[in-house]
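Colleague: Okay, so here is input-v9.tsv, and as you'll see once you scroll down, it has TSV, C-alpha atoms.
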```
chain	number	residue	atom	x	y	z
U	24	MET	CA	21.16	-9.44	-44.22
U	25	ALA	CA	24.22	-10.43	-42.16
U	26	LYS	CA	27.26	-8.34	-42.92
U	27	SER	CA	30.19	-10.27	-44.31
U	28	GLY	CA	33.69	-10.30	-42.91
U	29	ALA	CA	34.82	-8.07	-45.71
U	30	ALA	CA	32.12	-5.52	-44.92
U	31	ARG	CA	33.10	-5.46	-41.24
U	32	GLN	CA	36.79	-5.20	-42.08
U	33	ALA	CA	36.11	-2.17	-44.26
U	34	LYS	CA	35.20	-0.17	-41.16
U	35	SER	CA	38.30	-0.90	-39.16
U	36	GLU	CA	41.24	-1.25	-41.57
U	37	PRO	CA	43.09	1.29	-43.66
U	38	ALA	CA	41.37	1.77	-47.01
U	39	GLY	CA	43.91	-0.12	-49.13
U	40	GLY	CA	44.06	-3.13	-46.78
U	41	SER	CA	40.32	-3.62	-46.46
U	42	ALA	CA	39.81	-3.16	-50.21
U	43	ALA	CA	42.42	-5.82	-50.88
U	44	ARG	CA	40.80	-8.16	-48.36
U	45	ALA	CA	37.33	-7.62	-49.85
U	46	ALA	CA	38.69	-8.27	-53.33
U	47	ALA	CA	40.46	-11.42	-52.19
U	48	ASP	CA	37.27	-12.72	-50.53
U	49	LEU	CA	35.21	-12.33	-53.71
U	50	ASP	CA	33.19	-15.31	-54.84
U	51	ARG	CA	34.95	-15.90	-58.13
U	52	LEU	CA	32.19	-18.21	-59.28
U	53	ILE	CA	29.61	-15.46	-59.60
U	54	HIS	CA	32.11	-12.68	-60.28
U	55	GLU	CA	32.10	-13.72	-63.95
U	56	LYS	CA	29.63	-11.55	-65.85
U	57	VAL	CA	27.33	-14.17	-67.42
U	58	ARG	CA	27.14	-16.18	-64.17
U	59	LEU	CA	26.44	-12.99	-62.20
U	60	GLY	CA	23.70	-12.21	-64.71
U	61	ILE	CA	22.12	-15.65	-64.33
U	62	VAL	CA	22.05	-15.41	-60.54
U	63	SER	CA	20.75	-11.80	-60.62
U	64	ALA	CA	17.98	-12.61	-63.08
U	65	LEU	CA	16.89	-15.66	-61.08
U	66	ALA	CA	16.93	-13.71	-57.80
U	67	GLY	CA	13.61	-12.03	-58.61
U	68	HIS	CA	11.86	-15.04	-60.12
U	69	GLU	CA	10.77	-18.41	-58.87
U	70	SER	CA	12.22	-19.85	-62.08
U	71	LEU	CA	13.33	-18.84	-65.57
U	72	SER	CA	13.60	-20.95	-68.68
U	73	PHE	CA	16.80	-21.31	-70.69
U	74	ASN	CA	15.32	-19.11	-73.44
U	75	GLU	CA	14.23	-16.41	-71.00
U	76	LEU	CA	17.73	-16.28	-69.54
U	77	LYS	CA	19.27	-16.26	-73.00
U	78	ARG	CA	17.08	-13.32	-74.02
U	79	THR	CA	17.71	-11.40	-70.79
U	80	LEU	CA	21.47	-11.80	-70.92
U	81	ALA	CA	21.83	-11.66	-74.72
U	82	ALA	CA	24.01	-14.76	-74.45
U	83	THR	CA	24.57	-17.55	-76.95
U	84	ASP	CA	23.28	-21.08	-76.29
U	85	GLY	CA	26.76	-22.47	-75.74
U	86	ASN	CA	27.94	-19.68	-73.49
U	87	LEU	CA	24.84	-19.79	-71.31
U	88	SER	CA	24.96	-23.60	-71.04
U	89	VAL	CA	28.57	-23.62	-69.91
U	90	HIS	CA	28.08	-20.97	-67.24
U	91	ALA	CA	24.75	-22.34	-66.01
U	92	ARG	CA	26.40	-25.75	-65.64
U	93	LYS	CA	29.15	-24.27	-63.44
U	94	LEU	CA	26.52	-22.67	-61.19
U	95	GLU	CA	24.63	-25.95	-61.09
U	96	ASP	CA	27.77	-27.86	-60.11
U	97	ALA	CA	28.33	-25.39	-57.26
U	98	GLY	CA	24.76	-25.85	-56.03
U	99	TYR	CA	23.84	-22.22	-56.76
U	100	VAL	CA	21.08	-23.10	-59.23
U	101	THR	CA	19.01	-26.17	-60.02
U	102	CYS	CA	18.17	-27.23	-63.54
U	103	THR	CA	15.02	-29.14	-64.46
U	104	LYS	CA	14.44	-30.55	-67.93
U	105	THR	CA	10.83	-31.10	-68.94
U	106	PHE	CA	8.74	-31.24	-72.10
U	107	GLU	CA	6.27	-28.55	-73.13
U	108	GLY	CA	4.18	-30.46	-75.65
U	109	ARG	CA	6.86	-32.07	-77.80
U	110	LEU	CA	9.47	-29.42	-77.15
U	111	PRO	CA	12.10	-29.84	-74.44
U	112	LYS	CA	12.19	-27.08	-71.85
U	113	THR	CA	15.00	-26.34	-69.41
U	114	VAL	CA	14.08	-24.41	-66.30
U	115	TYR	CA	16.52	-22.89	-63.78
U	116	ARG	CA	15.89	-21.97	-60.16
U	117	LEU	CA	18.12	-20.18	-57.67
U	118	THR	CA	18.88	-22.26	-54.58
U	119	ALA	CA	19.18	-20.91	-51.03
U	120	THR	CA	22.96	-21.29	-51.39
U	121	GLY	CA	22.91	-19.27	-54.60
U	122	ARG	CA	20.79	-16.53	-53.01
U	123	LYS	CA	23.20	-16.30	-50.07
U	124	ALA	CA	26.12	-16.16	-52.49
U	125	LEU	CA	24.52	-13.22	-54.31
U	126	GLU	CA	23.87	-11.41	-51.01
U	127	ARG	CA	27.49	-12.00	-49.97
U	128	TYR	CA	28.65	-10.72	-53.35
U	129	LEU	CA	26.56	-7.54	-52.97
U	130	ASP	CA	28.08	-7.04	-49.51
U	131	HIS	CA	31.55	-7.43	-50.98
U	132	MET	CA	30.85	-4.86	-53.67
U	133	GLU	CA	29.60	-2.42	-51.02
U	134	ALA	CA	32.65	-3.12	-48.85
U	135	LEU	CA	34.96	-2.44	-51.80
U	136	ILE	CA	33.24	0.86	-52.56
U	137	ARG	CA	33.31	1.94	-48.90
U	138	ALA	CA	36.93	0.90	-48.45
U	139	THR	CA	38.26	2.68	-51.50
U	140	ARG	CA	36.32	5.85	-50.67
U	141	ALA	CA	37.42	5.93	-47.04
U	142	PRO	CA	39.62	8.98	-46.22
B	5	MET	CA	45.56	-3.86	-54.57
B	6	ALA	CA	47.84	-1.24	-56.05
B	7	ALA	CA	45.13	0.96	-57.55
B	8	PRO	CA	42.02	1.06	-55.40
B	9	GLN	CA	39.94	3.43	-57.56
B	10	PRO	CA	39.46	1.00	-60.47
B	11	LEU	CA	38.28	-1.58	-57.92
B	12	ALA	CA	35.56	0.76	-56.74
B	13	ASP	CA	34.60	1.56	-60.32
B	14	ARG	CA	34.32	-2.14	-61.06
B	15	ALA	CA	32.22	-2.69	-57.95
B	16	ILE	CA	29.83	0.13	-58.93
B	17	GLU	CA	29.66	-1.25	-62.47
B	18	ASN	CA	28.83	-4.72	-61.14
B	19	LEU	CA	26.07	-3.40	-58.88
B	20	ARG	CA	24.60	-1.53	-61.85
B	21	TYR	CA	24.82	-4.70	-63.95
B	22	ILE	CA	22.96	-6.72	-61.29
B	23	ARG	CA	20.23	-4.08	-61.08
B	24	ASP	CA	19.90	-3.78	-64.88
B	25	THR	CA	19.76	-7.55	-65.29
B	26	MET	CA	16.97	-7.78	-62.71
B	27	ALA	CA	15.08	-4.97	-64.47
B	28	ARG	CA	15.56	-6.59	-67.91
B	29	SER	CA	14.28	-9.91	-66.65
B	30	GLY	CA	11.15	-8.10	-65.50
B	31	ALA	CA	11.92	-8.97	-61.92
B	32	PHE	CA	12.32	-5.55	-60.47
B	33	THR	CA	10.69	-2.14	-60.46
B	34	ALA	CA	11.59	0.79	-58.27
B	35	VAL	CA	7.83	1.26	-57.67
B	36	PRO	CA	7.21	-0.11	-54.17
B	37	GLY	CA	4.36	-2.62	-54.27
B	38	LEU	CA	4.14	-2.91	-50.50
B	39	GLY	CA	3.91	0.85	-50.23
B	40	GLN	CA	1.00	0.84	-52.66
B	41	VAL	CA	-0.77	-1.78	-50.58
B	42	TRP	CA	-0.45	0.44	-47.51
B	43	VAL	CA	-1.66	3.47	-49.47
B	44	GLY	CA	-4.67	1.41	-50.53
B	45	VAL	CA	-5.30	0.38	-46.93
B	46	THR	CA	-5.32	4.02	-45.78
B	47	ALA	CA	-7.40	5.26	-48.73
B	48	LEU	CA	-10.42	3.07	-47.94
B	49	PRO	CA	-11.16	4.55	-44.49
B	50	ALA	CA	-10.32	7.98	-45.90
B	51	ALA	CA	-13.05	7.55	-48.53
B	52	TRP	CA	-15.49	6.48	-45.83
B	53	LEU	CA	-14.58	9.46	-43.62
B	54	ALA	CA	-14.70	11.93	-46.53
B	55	HIS	CA	-18.10	10.66	-47.58
B	56	ARG	CA	-19.46	11.35	-44.08
B	57	SER	CA	-18.06	14.88	-43.95
B	58	PRO	CA	-20.91	17.41	-43.96
B	59	THR	CA	-18.83	20.29	-45.37
B	60	VAL	CA	-16.64	20.73	-48.43
B	61	LEU	CA	-13.81	21.90	-46.19
B	62	GLY	CA	-14.04	18.76	-44.06
B	63	TRP	CA	-14.20	16.55	-47.15
B	64	LEU	CA	-11.20	18.32	-48.67
B	65	SER	CA	-9.23	18.09	-45.42
B	66	VAL	CA	-9.69	14.33	-45.26
B	67	TRP	CA	-8.42	13.81	-48.79
B	68	LEU	CA	-5.51	16.25	-48.41
B	69	ALA	CA	-4.47	14.46	-45.22
B	70	GLU	CA	-4.72	11.13	-47.07
B	71	ALA	CA	-2.56	12.56	-49.87
B	72	ALA	CA	0.09	13.57	-47.32
B	73	VAL	CA	0.00	10.11	-45.71
B	74	ALA	CA	0.21	8.42	-49.13
B	75	LEU	CA	3.17	10.59	-50.15
B	76	ALA	CA	4.99	9.72	-46.93
B	77	ILE	CA	4.30	5.98	-47.33
B	78	GLY	CA	5.31	6.06	-51.01
B	79	GLY	CA	8.51	7.99	-50.29
B	80	ILE	CA	9.63	5.82	-47.39
B	81	THR	CA	8.90	2.51	-49.12
B	82	MET	CA	10.57	3.65	-52.36
B	83	VAL	CA	13.74	4.60	-50.47
B	84	ARG	CA	13.71	1.28	-48.62
B	85	LYS	CA	13.21	-0.69	-51.83
B	86	ALA	CA	15.95	1.24	-53.62
B	87	ARG	CA	18.35	0.68	-50.72
B	88	ALA	CA	17.61	-3.03	-50.73
B	89	VAL	CA	19.08	-3.28	-54.24
B	90	ARG	CA	21.74	-0.59	-53.63
B	91	ASP	CA	20.03	1.81	-56.03
B	92	PRO	CA	21.07	5.44	-55.44
B	93	VAL	CA	17.73	7.07	-54.58
B	94	VAL	CA	18.56	10.61	-55.67
B	95	SER	CA	19.95	9.70	-59.09
B	96	GLY	CA	17.85	6.55	-59.55
B	97	PRO	CA	14.15	6.05	-58.84
B	98	GLY	CA	13.79	9.32	-56.93
B	99	ARG	CA	14.89	11.32	-59.96
B	100	ARG	CA	12.59	9.37	-62.28
B	101	VAL	CA	9.62	10.04	-60.00
B	102	LEU	CA	10.46	13.73	-59.79
B	103	LEU	CA	10.73	14.05	-63.56
B	104	HIS	CA	7.70	12.00	-64.53
B	105	PHE	CA	5.25	11.94	-61.66
B	106	LEU	CA	5.53	15.29	-59.87
B	107	PRO	CA	4.48	17.54	-62.80
B	108	ALA	CA	1.07	15.83	-62.82
B	109	PHE	CA	0.96	15.94	-59.01
B	110	GLY	CA	1.83	19.65	-59.00
B	111	SER	CA	-0.82	20.35	-61.66
B	112	ALA	CA	-3.39	18.55	-59.50
B	113	ALA	CA	-2.47	20.76	-56.52
B	114	VAL	CA	-2.85	23.98	-58.55
B	115	LEU	CA	-6.10	22.87	-60.20
B	116	THR	CA	-7.50	21.77	-56.82
B	117	GLY	CA	-7.11	25.32	-55.52
B	118	ALA	CA	-8.62	26.82	-58.67
B	119	ILE	CA	-11.59	24.44	-58.71
B	120	VAL	CA	-12.38	24.96	-55.02
B	121	LEU	CA	-12.25	28.74	-55.53
B	122	ALA	CA	-14.53	28.36	-58.55
B	123	GLY	CA	-17.00	26.47	-56.36
B	124	ALA	CA	-16.95	23.19	-58.27
B	125	PRO	CA	-15.45	20.65	-55.81
B	126	ALA	CA	-17.54	17.85	-57.30
B	127	LEU	CA	-15.03	17.80	-60.18
B	128	LEU	CA	-12.12	17.00	-57.86
B	129	PRO	CA	-12.37	13.17	-57.65
B	130	GLY	CA	-12.32	12.87	-61.43
B	131	LEU	CA	-9.50	15.40	-61.73
B	132	TRP	CA	-7.36	13.71	-59.05
B	133	LEU	CA	-7.84	10.24	-60.51
B	134	LEU	CA	-7.06	11.46	-64.04
B	135	LEU	CA	-3.94	13.39	-63.09
B	136	TYR	CA	-2.66	10.64	-60.80
B	137	GLY	CA	-3.18	8.18	-63.65
B	138	THR	CA	-1.31	10.51	-66.01
B	139	GLY	CA	1.61	10.65	-63.59
B	140	VAL	CA	1.69	6.89	-63.09
B	141	VAL	CA	1.57	6.20	-66.84
B	142	ALA	CA	4.41	8.69	-67.42
B	143	ALA	CA	6.55	7.44	-64.53
B	144	GLY	CA	5.80	3.81	-65.35
B	145	ALA	CA	6.44	4.02	-69.10
B	146	PHE	CA	9.77	2.24	-68.73
B	147	SER	CA	8.76	0.12	-65.78
B	148	VAL	CA	7.24	-3.35	-65.55
B	149	ARG	CA	3.85	-3.87	-67.22
B	150	PRO	CA	1.56	-3.58	-64.15
B	151	VAL	CA	2.70	0.00	-63.44
B	152	PRO	CA	1.48	1.73	-66.65
B	153	LEU	CA	-1.52	-0.62	-66.65
B	154	MET	CA	-2.47	0.68	-63.21
B	155	GLY	CA	-2.11	4.24	-64.53
B	156	ILE	CA	-4.50	3.46	-67.39
B	157	CYS	CA	-7.03	2.05	-64.89
B	158	PHE	CA	-6.82	5.34	-62.96
B	159	LEU	CA	-7.51	7.24	-66.20
B	160	VAL	CA	-10.59	5.11	-66.82
B	161	LEU	CA	-11.89	5.65	-63.26
B	162	GLY	CA	-11.18	9.40	-63.48
B	163	THR	CA	-13.15	9.66	-66.70
B	164	ALA	CA	-16.02	7.71	-65.15
B	165	ALA	CA	-15.96	9.96	-62.07
B	166	LEU	CA	-16.33	13.08	-64.21
B	167	PHE	CA	-19.39	11.76	-66.05
B	168	THR	CA	-21.34	10.12	-63.20
B	169	PRO	CA	-23.31	11.76	-60.35
B	170	PRO	CA	-21.12	13.80	-57.96
B	171	ALA	CA	-22.35	11.69	-55.03
B	172	TRP	CA	-20.40	8.75	-56.47
B	173	GLY	CA	-17.09	10.67	-56.21
B	174	ASP	CA	-15.87	9.02	-53.00
B	175	ALA	CA	-16.76	5.57	-54.35
B	176	TRP	CA	-14.57	6.22	-57.41
B	177	MET	CA	-11.81	7.48	-55.12
B	178	ALA	CA	-12.09	4.34	-52.97
B	179	ALA	CA	-12.01	2.15	-56.09
B	180	GLY	CA	-8.93	3.97	-57.44
B	181	PHE	CA	-6.74	4.98	-54.53
B	182	GLY	CA	-7.96	2.06	-52.43
B	183	GLY	CA	-8.78	-0.83	-54.75
B	184	LEU	CA	-6.27	-0.28	-57.56
B	185	HIS	CA	-3.41	0.34	-55.12
B	186	LEU	CA	-4.27	-2.78	-53.14
B	187	GLY	CA	-4.58	-4.98	-56.23
B	188	PHE	CA	-1.64	-3.75	-58.27
B	189	GLY	CA	0.48	-3.23	-55.14
B	190	ALA	CA	0.04	-6.87	-54.18
B	191	VAL	CA	0.99	-8.02	-57.69
B	192	ILE	CA	4.09	-5.79	-57.77
B	193	ALA	CA	5.14	-6.76	-54.24
B	194	ARG	CA	4.81	-10.47	-55.02
B	195	SER	CA	6.36	-10.54	-58.48
B	196	TYR	CA	8.64	-7.52	-58.82
B	197	GLY	CA	10.97	-7.29	-55.87
B	198	GLY	CA	8.80	-5.99	-53.02
```
I'd like the structure from this file rewritten - as structure tokens, please.

Modeller:
Amino acid sequence: MAKSGAARQAKSEPAGGSAARAAADLDRLIHEKVRLGIVSALAGHESLSFNELKRTLAATDGNLSVHARKLEDAGYVTCTKTFEGRLPKTVYRLTATGRKALERYLDHMEALIRATRAP
Amino acid sequence: MAAPQPLADRAIENLRYIRDTMARSGAFTAVPGLGQVWVGVTALPAAWLAHRSPTVLGWLSVWLAEAAVALAIGGITMVRKARAVRDPVVSGPGRRVLLHFLPAFGSAAVLTGAIVLAGAPALLPGLWLLLYGTGVVAAGAFSVRPVPLMGICFLVLGTAALFTPPAWGDAWMAAGFGGLHLGFGAVIARSYGG
């Protein structure tokens, strides 16, 4: 995985400065807990249905819909609506952009931890 | 940022949340599937070699060497998998393995010595398969479904090995440490994070 700018900065700047930079560079879109949960859950699966995500994240229908829509608008996930028998089924998949965003986010978290623990 | 420590705490909390979410969605287990595949790959020639050994000492040496190789592969691949998801090895999967798997492994080591001294090495394949299965079931109790299922399969093979002719011992070992590791390892590697 390529190291982000924030991760590189953490090695060369004073602790406070690099931590602030890493925090400022955070992807706010997936920093929100439900959206981070959606992306994390999808990272290990080819796809997950709306109900599977709802169960995993213990989220309400409305809350999950709103946050999934924001990720969809950003191109982080795709949403496919199909029918299973007579019942509608909504399936989400993580896109390459979404996967890269999660990897960048993990790098940022590591950079923050390293920066604030630096002597 | 004025107070850096809370930032680090939040970052650690977020990493833990990502890991827990992946585990809850059934997407991740600390058990390294790829490592199991490699253990399976090494166990098959070991079974062949052991079966051709003319002496008990030679037979035992082959399987002890295979155990050492399997431990090394399992350890390295577990550390690599844990690092890939930023899981602290010592307090995370490593600790779980120590607590759940090693008691059965240690018991197998002690019983191996006792059984060899008692002159009944034909019991060893069944004993090893049973105790390995016990360890896997214990360590995999809170893991994804294939892990405890694999442990149960080892228990079945171990029981079969104890009640079939001693000459079949290496075949049961190949089926367990070779076949089960290859099959379940591939499933875990493909579906549960590597």

Colleague: At a cut-off of 6 Å, which residues of chain U touch chain B? Count all atoms listed in the file and give the answer as a ChimeraX atom specification.

Modeller: /U:43,63-64,67,79,132,135-136,139

Colleague: Rounded to one decimal place, report the CA of Ala66 (chain U)-CA of Leu186 (chain B) distance in Å.

Modeller: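 Calculated distance between CA of Ala66 (chain U) and CA of Leu186 (chain B) is 24.3 Å.
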
Colleague: Step by step: start from the point (-16.9, 3.8, -57.5) in the file's coordinates, keep every protein, DNA or RNA residue that has an atom no farther than 12 Å from it, count all atoms listed in the file, and write the set as a ChimeraX atom specification.

Modeller: /B:48,51,129-130,133,158,160-184

Colleague: Produce a file of the selected residues containing C-alpha atoms, as an mmCIF file, in the frame of the given file.

Modeller:
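Written output follows (result_13.cif):
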```cif
data_model
loop_
_atom_site.group_PDB
_atom_site.id
_atom_site.type_symbol
_atom_site.label_atom_id
_atom_site.label_comp_id
_atom_site.auth_asym_id
_atom_site.auth_seq_id
_atom_site.Cartn_x
_atom_site.Cartn_y
_atom_site.Cartn_z
ATOM 1 C CA LEU B 48 -10.420 3.070 -47.940
ATOM 2 C CA ALA B 51 -13.050 7.550 -48.530
ATOM 3 C CA PRO B 129 -12.370 13.170 -57.650
ATOM 4 C CA GLY B 130 -12.320 12.870 -61.430
ATOM 5 C CA LEU B 133 -7.840 10.240 -60.510
ATOM 6 C CA PHE B 158 -6.820 5.340 -62.960
ATOM 7 C CA VAL B 160 -10.590 5.110 -66.820
ATOM 8 C CA LEU B 161 -11.890 5.650 -63.260
ATOM 9 C CA GLY B 162 -11.180 9.400 -63.480
ATOM 10 C CA THR B 163 -13.150 9.660 -66.700
ATOM 11 C CA ALA B 164 -16.020 7.710 -65.150
ATOM 12 C CA ALA B 165 -15.960 9.960 -62.070
ATOM 13 C CA LEU B 166 -16.330 13.080 -64.210
ATOM 14 C CA PHE B 167 -19.390 11.760 -66.050
ATOM 15 C CA THR B 168 -21.340 10.120 -63.200
ATOM 16 C CA PRO B 169 -23.310 11.760 -60.350
ATOM 17 C CA PRO B 170 -21.120 13.800 -57.960
ATOM 18 C CA ALA B 171 -22.350 11.690 -55.030
ATOM 19 C CA TRP B 172 -20.400 8.750 -56.470
ATOM 20 C CA GLY B 173 -17.090 10.670 -56.210
ATOM 21 C CA ASP B 174 -15.870 9.020 -53.000
ATOM 22 C CA ALA B 175 -16.760 5.570 -54.350
ATOM 23 C CA TRP B 176 -14.570 6.220 -57.410
ATOM 24 C CA MET B 177 -11.810 7.480 -55.120
ATOM 25 C CA ALA B 178 -12.090 4.340 -52.970
ATOM 26 C CA ALA B 179 -12.010 2.150 -56.090
ATOM 27 C CA GLY B 180 -8.930 3.970 -57.440
ATOM 28 C CA PHE B 181 -6.740 4.980 -54.530
ATOM 29 C CA GLY B 182 -7.960 2.060 -52.430
ATOM 30 C CA GLY B 183 -8.780 -0.830 -54.750
ATOM 31 C CA LEU B 184 -6.270 -0.280 -57.560
#
```

Colleague: Counting all atoms listed in the file, what is within 10 Å of region 85-97 of chain U, bar same-chain residues fewer than 2 positions away, as a ChimeraX atom specification?

Modeller: /U:52-53,55-59,61-62,73-74,76-77,80-83,99-102,115-118,120-121

Colleague: Skipping near chain neighbours, those fewer than 5 positions away, what residues fall within 12 Å of Gly110 (chain B) using only C-alpha atoms, listed as a list in words?

Modeller: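 Using only C-alpha atoms, the neighbours found are Leu102, Leu103, His104, Phe105, Leu115, Thr116, Gly117, Trp132, Leu135, Tyr136, Thr138 and Gly139 of chain B.
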
Colleague: Between CA of Val114 (chain U) and CA of Val35 (chain B), what distance in Å does the model show, to one decimal?

Modeller: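 Computing it gives 27.8 Å between the two atoms.
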
Colleague: Kindly give the distance, in Å, that separates CA of Val140 (chain B) and CA of Leu153 (chain B), rounded to a single decimal.

Modeller: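 Rounded to one decimal, the two atoms are 8.9 Å apart.
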
Colleague: Set the distance at 6 Å and use all atoms listed in the file: which residues neighbour His185 (chain B) once local chain neighbours fewer than 3 positions away are removed? I'd like the list as an MDAnalysis selection string.

Modeller: chainID B and resid 40:41 44 181:182 188:189

Colleague: Which residue, B:Met82, B:Leu106, B:Leu128, B:Ala34, has the smallest gap to Val60 (chain B) when you use all atoms listed in the file?

Modeller: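 Of all the options, B:Leu128 lies closest to Val60 (chain B).
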